[in-house]
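File shown: final13.cif. Contents: mmCIF, C-alpha atoms.
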```cif
data_target
loop_
_atom_site.label_atom_id
_atom_site.label_comp_id
_atom_site.auth_asym_id
_atom_site.auth_seq_id
_atom_site.Cartn_x
_atom_site.Cartn_y
_atom_site.Cartn_z
CA MET A 1001 109.68 114.27 99.46
CA ILE A 1002 112.78 116.45 99.30
CA LYS A 1003 115.67 114.36 100.52
CA PHE A 1004 118.82 115.70 102.18
CA LEU A 1005 122.06 113.92 101.33
CA LYS A 1006 125.48 114.65 102.72
CA ASN A 1007 127.87 116.08 100.19
CA LEU A 1008 129.91 113.14 98.96
CA PHE A 1009 132.58 115.30 97.38
CA GLY A 1010 135.21 117.24 99.25
CA GLY A 1011 134.03 116.07 102.65
CA GLY A 1012 131.68 119.03 102.98
CA GLU A 1013 129.14 119.14 105.76
CA ASP A 1014 126.47 121.07 103.89
CA PRO A 1015 123.58 118.85 102.82
CA VAL A 1016 122.70 118.40 99.18
CA LEU A 1017 119.04 118.80 98.35
CA VAL A 1018 117.70 116.04 96.15
CA ALA A 1019 114.28 116.52 94.62
CA SER A 1020 111.81 113.77 93.91
CA LEU A 1021 109.52 114.05 90.91
CA SER A 1022 106.91 112.11 92.85
CA GLU A 1023 106.06 115.53 94.30
CA LEU A 1024 105.10 116.64 90.82
CA ALA A 1025 103.33 113.33 90.10
CA VAL A 1026 102.04 114.36 86.66
CA ASP A 1027 104.05 115.10 83.53
CA MET A 1028 102.14 117.11 80.95
CA HIS A 1029 104.67 117.34 78.12
CA SER A 1030 106.33 114.36 76.47
CA HIS A 1031 106.74 112.58 73.17
CA ILE A 1032 106.32 109.01 74.36
CA LEU A 1033 103.53 107.82 72.06
CA PRO A 1034 105.09 105.44 69.53
CA GLY A 1035 105.93 106.29 65.94
CA ILE A 1036 104.08 109.57 65.77
CA ASP A 1037 106.73 112.33 65.85
CA ASP A 1038 110.41 112.79 66.74
CA GLY A 1039 109.97 110.96 70.05
CA SER A 1040 109.58 107.24 70.63
CA ASP A 1041 110.21 105.12 67.53
CA SER A 1042 108.38 101.99 68.66
CA LEU A 1043 105.94 100.52 71.14
CA GLU A 1044 108.80 98.76 72.90
CA GLN A 1045 110.67 102.04 73.34
CA SER A 1046 107.49 103.69 74.62
CA LEU A 1047 107.15 100.97 77.26
CA ASP A 1048 110.76 101.53 78.32
CA LEU A 1049 110.09 105.25 78.66
CA VAL A 1050 106.93 104.69 80.70
CA ARG A 1051 108.87 102.40 83.04
CA ALA A 1052 111.62 105.01 83.37
CA MET A 1053 109.14 107.78 84.12
CA LYS A 1054 107.53 105.61 86.78
CA GLN A 1055 110.94 105.05 88.35
CA LEU A 1056 111.41 108.82 88.50
CA GLY A 1057 108.21 109.08 90.54
CA TYR A 1058 105.55 110.02 88.01
CA ARG A 1059 102.11 108.45 88.36
CA LYS A 1060 100.44 110.05 85.33
CA LEU A 1061 101.72 110.98 81.87
CA ILE A 1062 99.88 113.37 79.56
CA MET A 1063 101.67 112.76 76.28
CA THR A 1064 101.79 115.58 73.76
CA PRO A 1065 102.97 114.67 70.25
CA HIS A 1066 103.90 117.43 67.86
CA VAL A 1067 101.31 118.81 65.48
CA MET A 1068 103.04 120.72 62.66
CA SER A 1069 101.49 121.32 59.27
CA ASP A 1070 104.62 120.54 57.26
CA PHE A 1071 106.06 117.69 59.32
CA TYR A 1072 103.74 116.03 61.84
CA LYS A 1073 100.19 116.01 60.53
CA ASN A 1074 98.76 114.35 63.60
CA THR A 1075 95.01 114.50 64.13
CA PRO A 1076 93.09 113.83 67.34
CA GLU A 1077 92.08 110.45 65.87
CA ILE A 1078 95.68 109.45 65.16
CA ILE A 1079 96.86 110.55 68.59
CA ARG A 1080 94.03 108.79 70.43
CA GLY A 1081 94.71 105.63 68.44
CA LYS A 1082 98.34 105.61 69.59
CA LEU A 1083 97.20 106.28 73.16
CA ALA A 1084 94.87 103.27 73.07
CA LEU A 1085 97.69 101.10 71.72
CA LEU A 1086 100.09 102.17 74.47
CA ARG A 1087 97.47 101.84 77.21
CA GLN A 1088 96.80 98.27 76.12
CA ALA A 1089 100.52 97.43 76.13
CA VAL A 1090 101.09 99.06 79.53
CA ALA A 1091 98.19 97.10 81.02
CA LYS A 1092 99.51 93.86 79.53
CA GLU A 1093 102.95 94.52 81.05
CA GLY A 1094 101.41 95.29 84.44
CA ILE A 1095 102.89 98.79 84.62
CA GLU A 1096 100.95 101.04 86.98
CA MET A 1097 100.79 104.36 85.16
CA GLU A 1098 97.85 106.54 84.18
CA LEU A 1099 98.13 107.60 80.56
CA ASP A 1100 96.40 110.42 78.72
CA CYS A 1101 97.10 112.58 75.69
CA ALA A 1102 96.95 116.12 74.39
CA ALA A 1103 99.21 117.70 71.77
CA GLU A 1104 101.94 120.27 71.32
CA TYR A 1105 100.80 122.62 68.58
CA TYR A 1106 103.32 124.52 66.49
CA LEU A 1107 102.21 128.06 65.80
CA ASP A 1108 101.85 127.97 62.02
CA GLU A 1109 99.14 128.74 59.49
CA GLY A 1110 97.64 125.29 59.89
CA PHE A 1111 97.21 125.85 63.62
CA LEU A 1112 95.58 129.23 63.07
CA GLU A 1113 93.21 127.68 60.52
CA LYS A 1114 92.21 125.03 63.04
CA LEU A 1115 91.47 127.76 65.57
CA GLU A 1116 89.47 129.84 63.10
CA ASN A 1117 87.46 126.86 61.84
CA GLY A 1118 86.67 125.56 65.30
CA GLU A 1119 88.36 122.22 64.67
CA GLU A 1120 88.97 119.95 67.64
CA LEU A 1121 92.23 120.66 69.43
CA LEU A 1122 93.57 118.30 72.07
CA THR A 1123 93.88 119.96 75.46
CA PHE A 1124 94.47 118.83 79.02
CA GLY A 1125 93.07 119.91 82.38
CA GLU A 1126 91.07 123.13 82.22
CA LYS A 1127 91.28 123.53 78.43
CA TYR A 1128 95.02 124.06 78.66
CA LEU A 1129 96.39 124.29 75.12
CA LEU A 1130 100.11 123.56 74.78
CA PHE A 1131 101.82 125.45 71.97
CA GLU A 1132 105.30 126.27 70.73
CA THR A 1133 106.91 128.52 68.14
CA SER A 1134 110.12 128.66 66.17
CA PHE A 1135 113.11 128.73 68.50
CA LEU A 1136 114.90 131.35 66.41
CA ASN A 1137 112.35 133.75 64.95
CA GLU A 1138 109.47 135.38 66.78
CA PRO A 1139 106.21 134.85 64.89
CA LEU A 1140 104.80 138.14 63.68
CA ASN A 1141 101.35 136.94 64.74
CA LEU A 1142 102.32 135.62 68.19
CA ARG A 1143 100.11 137.99 70.14
CA GLU A 1144 97.27 137.66 67.66
CA ALA A 1145 97.43 133.87 68.05
CA ILE A 1146 97.35 134.18 71.83
CA PHE A 1147 94.28 136.41 71.58
CA MET A 1148 92.61 133.89 69.26
CA MET A 1149 93.29 130.99 71.62
CA ARG A 1150 91.74 132.85 74.50
CA ALA A 1151 88.80 134.05 72.40
CA LYS A 1152 88.06 130.43 71.52
CA GLY A 1153 87.98 129.50 75.20
CA TYR A 1154 91.44 127.97 75.51
CA GLN A 1155 94.07 128.65 78.15
CA PRO A 1156 97.36 128.97 76.23
CA VAL A 1157 100.41 127.26 77.74
CA LEU A 1158 103.75 128.17 76.18
CA ALA A 1159 106.02 125.14 76.06
CA HIS A 1160 109.64 125.67 77.15
CA PRO A 1161 109.59 129.51 77.13
CA GLU A 1162 113.25 129.49 78.12
CA ARG A 1163 114.32 128.01 74.77
CA TYR A 1164 113.18 130.82 72.46
CA THR A 1165 116.37 132.63 71.53
CA TYR A 1166 114.46 135.61 70.12
CA PHE A 1167 113.60 136.51 73.70
CA TYR A 1168 117.23 136.36 74.88
CA GLY A 1169 118.13 139.85 75.99
CA LYS A 1170 114.41 140.68 75.96
CA TYR A 1171 113.33 138.95 79.14
CA ASP A 1172 110.71 141.60 79.93
CA GLU A 1173 109.02 140.94 76.59
CA LEU A 1174 108.81 137.25 77.42
CA VAL A 1175 107.33 137.95 80.84
CA ALA A 1176 104.85 140.37 79.24
CA LEU A 1177 103.17 137.36 77.63
CA LYS A 1178 101.89 136.51 81.11
CA ASP A 1179 99.86 139.71 81.01
CA LEU A 1180 98.19 138.39 77.86
CA GLY A 1181 97.05 135.30 79.74
CA VAL A 1182 99.79 132.86 78.77
CA LEU A 1183 100.95 130.21 81.24
CA PHE A 1184 104.59 129.09 81.22
CA GLN A 1185 105.92 125.52 81.18
CA PRO A 1186 109.69 125.35 81.53
CA ASN A 1187 111.44 122.08 80.74
CA ILE A 1188 112.98 120.38 83.75
CA ASN A 1189 116.07 119.45 81.76
CA SER A 1190 116.77 123.12 81.09
CA LEU A 1191 117.87 123.30 84.72
CA ALA A 1192 120.66 120.86 83.90
CA GLY A 1193 121.86 123.02 81.02
CA TYR A 1194 120.76 120.29 78.64
CA TYR A 1195 119.75 122.64 75.82
CA SER A 1196 121.99 125.67 76.28
CA PRO A 1197 123.38 128.01 78.96
CA GLY A 1198 120.85 130.63 77.82
CA ALA A 1199 117.91 128.28 78.32
CA LYS A 1200 119.24 127.35 81.75
CA ASP A 1201 119.56 130.99 82.78
CA VAL A 1202 116.04 131.91 81.68
CA ALA A 1203 114.49 128.81 83.27
CA GLU A 1204 116.20 129.58 86.57
CA ARG A 1205 115.06 133.19 86.41
CA LEU A 1206 111.45 132.20 85.75
CA ILE A 1207 111.54 129.88 88.74
CA GLU A 1208 113.22 132.44 90.99
CA GLN A 1209 110.42 134.88 90.17
CA GLY A 1210 107.65 132.31 90.60
CA LEU A 1211 106.60 132.52 86.95
CA ALA A 1212 106.55 128.79 86.19
CA ASP A 1213 103.00 127.42 86.05
CA PHE A 1214 103.86 123.88 84.95
CA LEU A 1215 107.01 121.80 84.67
CA GLY A 1216 107.41 119.39 81.77
CA SER A 1217 109.90 116.66 81.01
CA ASP A 1218 109.62 117.04 77.22
CA THR A 1219 110.89 113.46 77.10
CA HIS A 1220 111.66 112.19 73.61
CA GLY A 1221 113.97 109.32 74.53
CA LEU A 1222 116.24 107.78 77.13
CA LYS A 1223 118.77 110.61 76.76
CA HIS A 1224 116.21 112.90 78.38
CA ILE A 1225 115.57 110.36 81.13
CA ASN A 1226 119.29 110.27 81.94
CA SER A 1227 119.36 114.06 82.17
CA LEU A 1228 116.29 114.08 84.43
CA HIS A 1229 118.14 111.88 86.92
CA LYS A 1230 121.02 114.37 86.95
CA VAL A 1231 118.81 117.40 87.50
CA LEU A 1232 117.31 116.01 90.72
CA SER A 1233 120.08 117.69 92.71
CA SER A 1234 119.38 121.11 91.16
CA LYS A 1235 118.52 123.71 93.77
CA HIS A 1236 116.26 125.36 91.22
CA LEU A 1237 114.26 122.17 90.79
CA VAL A 1238 113.78 122.12 94.56
CA LYS A 1239 112.61 125.75 94.36
CA ALA A 1240 110.33 124.95 91.44
CA LEU A 1241 108.67 122.10 93.30
CA ALA A 1242 107.86 124.52 96.12
CA LEU A 1243 105.78 126.62 93.70
CA PRO A 1244 102.00 126.05 93.30
CA LEU A 1245 102.52 124.17 90.04
CA ARG A 1246 99.38 123.21 88.18
CA ASN A 1247 100.67 119.71 87.36
CA ARG A 1248 99.33 118.61 90.71
CA GLN A 1249 95.72 119.37 89.74
CA LEU A 1250 95.81 117.36 86.52
#
```

Could you write out this file's structure as structure tokens?
Amino acid sequence: MIKFLKNLFGGGEDPVLVASLSELAVDMHSHILPGIDDGSDSLEQSLDLVRAMKQLGYRKLIMTPHVMSDFYKNTPEIIRGKLALLRQAVAKEGIEMELDCAAEYYLDEGFLEKLENGEELLTFGEKYLLFETSFLNEPLNLREAIFMMRAKGYQPVLAHPERYTYFYGKYDELVALKDLGVLFQPNINSLAGYYSPGAKDVAERLIEQGLADFLGSDTHGLKHINSLHKVLSSKHLVKALALPLRNRQL
């Protein structure tokens, strides 16, 4: 439910829109599985994060640890093992939260080899495949990789498209990826300016134009949880939640 609160500052009469993430219900991008990437360090921290996400209104978490050839060599077996461990701990603690996993694949040679060799890739929903690239340098094979993902039957989902600085000043080129069949998943915290003013501007523009297909928390730790609480009063989050976001079908 979107709540209306009276402006507490300056005695204004205009209501302040406050969004509730219970309307989204499902988060499909986080790093909450313990000890597997740059997210949660421990099972105890993972439990704290699950509790915090529940408090924000989520009922299901699809956790997506990094897969990067040079840094995070996570396999489906490793990821599923961590999921089983966290599910067991959540059940023991009596926390009502549905947990599932996929992965966030970094576009590197290892990822392309997995695609070419037909190796198992962890997806969510309708074969949605979450991927990211370097934030600074556009991969020369970006469009080739997108074509390969689709040719293999995957639906590519670009994580946090607003954070890729190589598209700053080239917004039309970013949007053109939609024509190649890419879905966009902005980070909610971008709306709070958490990452940079540029990321905030692009995220807001994508939402204004109805180009956001998913919203993700990209939660790595409690610092992201704190920012999520602050962004609930963002008018662009309210606008985003009015879009036909695919989170709700997961």

Practice item. Name the residues that the PyMOL selection byres ((chain A and resi 1225-1227) around 10) picks from the file above, as JSON, numbers by chain, using the file's chain letters and numbers. Key: {"A": [1049, 1052, 1053, 1056, 1188, 1189, 1190, 1191, 1192, 1193, 1194, 1217, 1218, 1219, 1220, 1221, 1222, 1223, 1224, 1228, 1229, 1230, 1231, 1232]}

Check your understanding: Taking all atoms listed in the file into account, which of A:Ala1102, A:Leu1177, A:Leu1112, A:Leu1215 comes nearest His1160 of chain A?
Key ->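 Ranking A:Ala1102, A:Leu1177, A:Leu1112, A:Leu1215 by distance to His1160 of chain A, first place goes to A:Leu1215.
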
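Here the residues that fall within 10 Å of (106.3, 133.3, 85.7), using only C-alpha atoms, are given as A:Pro1161, A:Leu1174, A:Val1175, A:Ala1176, A:Leu1177, A:Lys1178, A:Val1182, A:Leu1183, A:Phe1184, A:Gln1185, A:Pro1186, A:Ala1203, A:Arg1205, A:Leu1206, A:Ile1207, A:Glu1208, A:Gln1209, A:Gly1210, A:Leu1211, A:Ala1212, A:Asp1213, A:Phe1214.
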
Check your understanding: Given the file above and the PyMOL selection byres ((chain A and resi 1109) around 12), which residues are selected, and can you give them as a ChimeraX atom specification?
Key -> /A:1067-1070,1105-1108,1110-1116,1133,1139-1142,1145

Review point. With all atoms listed in the file as the atoms that count, which of A:Leu1243, A:Leu1129, A:Val1090, A:Ile1079 lies nearest to Leu1033 of chain A?
Key: A:Ile1079

Using 10 Å as the limit and counting only C-alpha atoms, can you tabulate each residue of segment 1034-1131 of chain A that touches segment 1022-1027 of chain A, with its shortest atom-to-atom distance in Å and the two atoms involved, as a Markdown table?
```
| residue | atom | partner | partner_atom | distance |
| --- | --- | --- | --- | --- |
| A:Met1053 | CA | A:Asp1027 | CA | 8.9 |
| A:Lys1054 | CA | A:Ser1022 | CA | 8.9 |
| A:Gln1055 | CA | A:Ser1022 | CA | 9.3 |
| A:Leu1056 | CA | A:Ser1022 | CA | 7.1 |
| A:Gly1057 | CA | A:Ser1022 | CA | 4.0 |
| A:Tyr1058 | CA | A:Ala1025 | CA | 4.5 |
| A:Arg1059 | CA | A:Ala1025 | CA | 5.3 |
| A:Lys1060 | CA | A:Val1026 | CA | 4.8 |
| A:Leu1061 | CA | A:Asp1027 | CA | 5.0 |
| A:Ile1062 | CA | A:Asp1027 | CA | 6.0 |
| A:Met1063 | CA | A:Asp1027 | CA | 8.0 |
| A:Glu1098 | CA | A:Val1026 | CA | 9.2 |
| A:Leu1099 | CA | A:Val1026 | CA | 9.9 |
```

Exercise for review: Could you check how far atom CA of Ser1030 of chain A sits from atom CA of Leu1085 of chain A, in Å to one decimal?
Suggested key: 16.5 Å

If you apply the PyMOL selection byres ((chain A and resi 1136) around 8) to this file, what residues do you get, as a short mmCIF file (atom, residue, chain, number, x, y, z; two decimals) with C-alpha atoms, in the coordinates of the input?
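The resulting file, result25.cif, is reproduced below:
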```
data_model
loop_
_atom_site.label_atom_id
_atom_site.label_comp_id
_atom_site.auth_asym_id
_atom_site.auth_seq_id
_atom_site.Cartn_x
_atom_site.Cartn_y
_atom_site.Cartn_z
CA SER A 1134 110.12 128.66 66.17
CA PHE A 1135 113.11 128.73 68.50
CA ASN A 1137 112.35 133.75 64.95
CA GLU A 1138 109.47 135.38 66.78
CA TYR A 1164 113.18 130.82 72.46
CA THR A 1165 116.37 132.63 71.53
CA TYR A 1166 114.46 135.61 70.12
#
```

Review point. Between atom CA of Thr1064 of chain A and atom CA of Cys1101 of chain A, what is the spacing in Å?
Key: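 Calculated distance between atom CA of Cys1101 of chain A and atom CA of Thr1064 of chain A is 5.9 Å.
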
Point to revise | Separation of atom CA of Ala1019 of chain A from atom CA of Ala1240 of chain A, in Å and rounded to one decimal | key: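 Computed distance, atom CA of Ala1019 of chain A to atom CA of Ala1240 of chain A, equals 9.8 Å.
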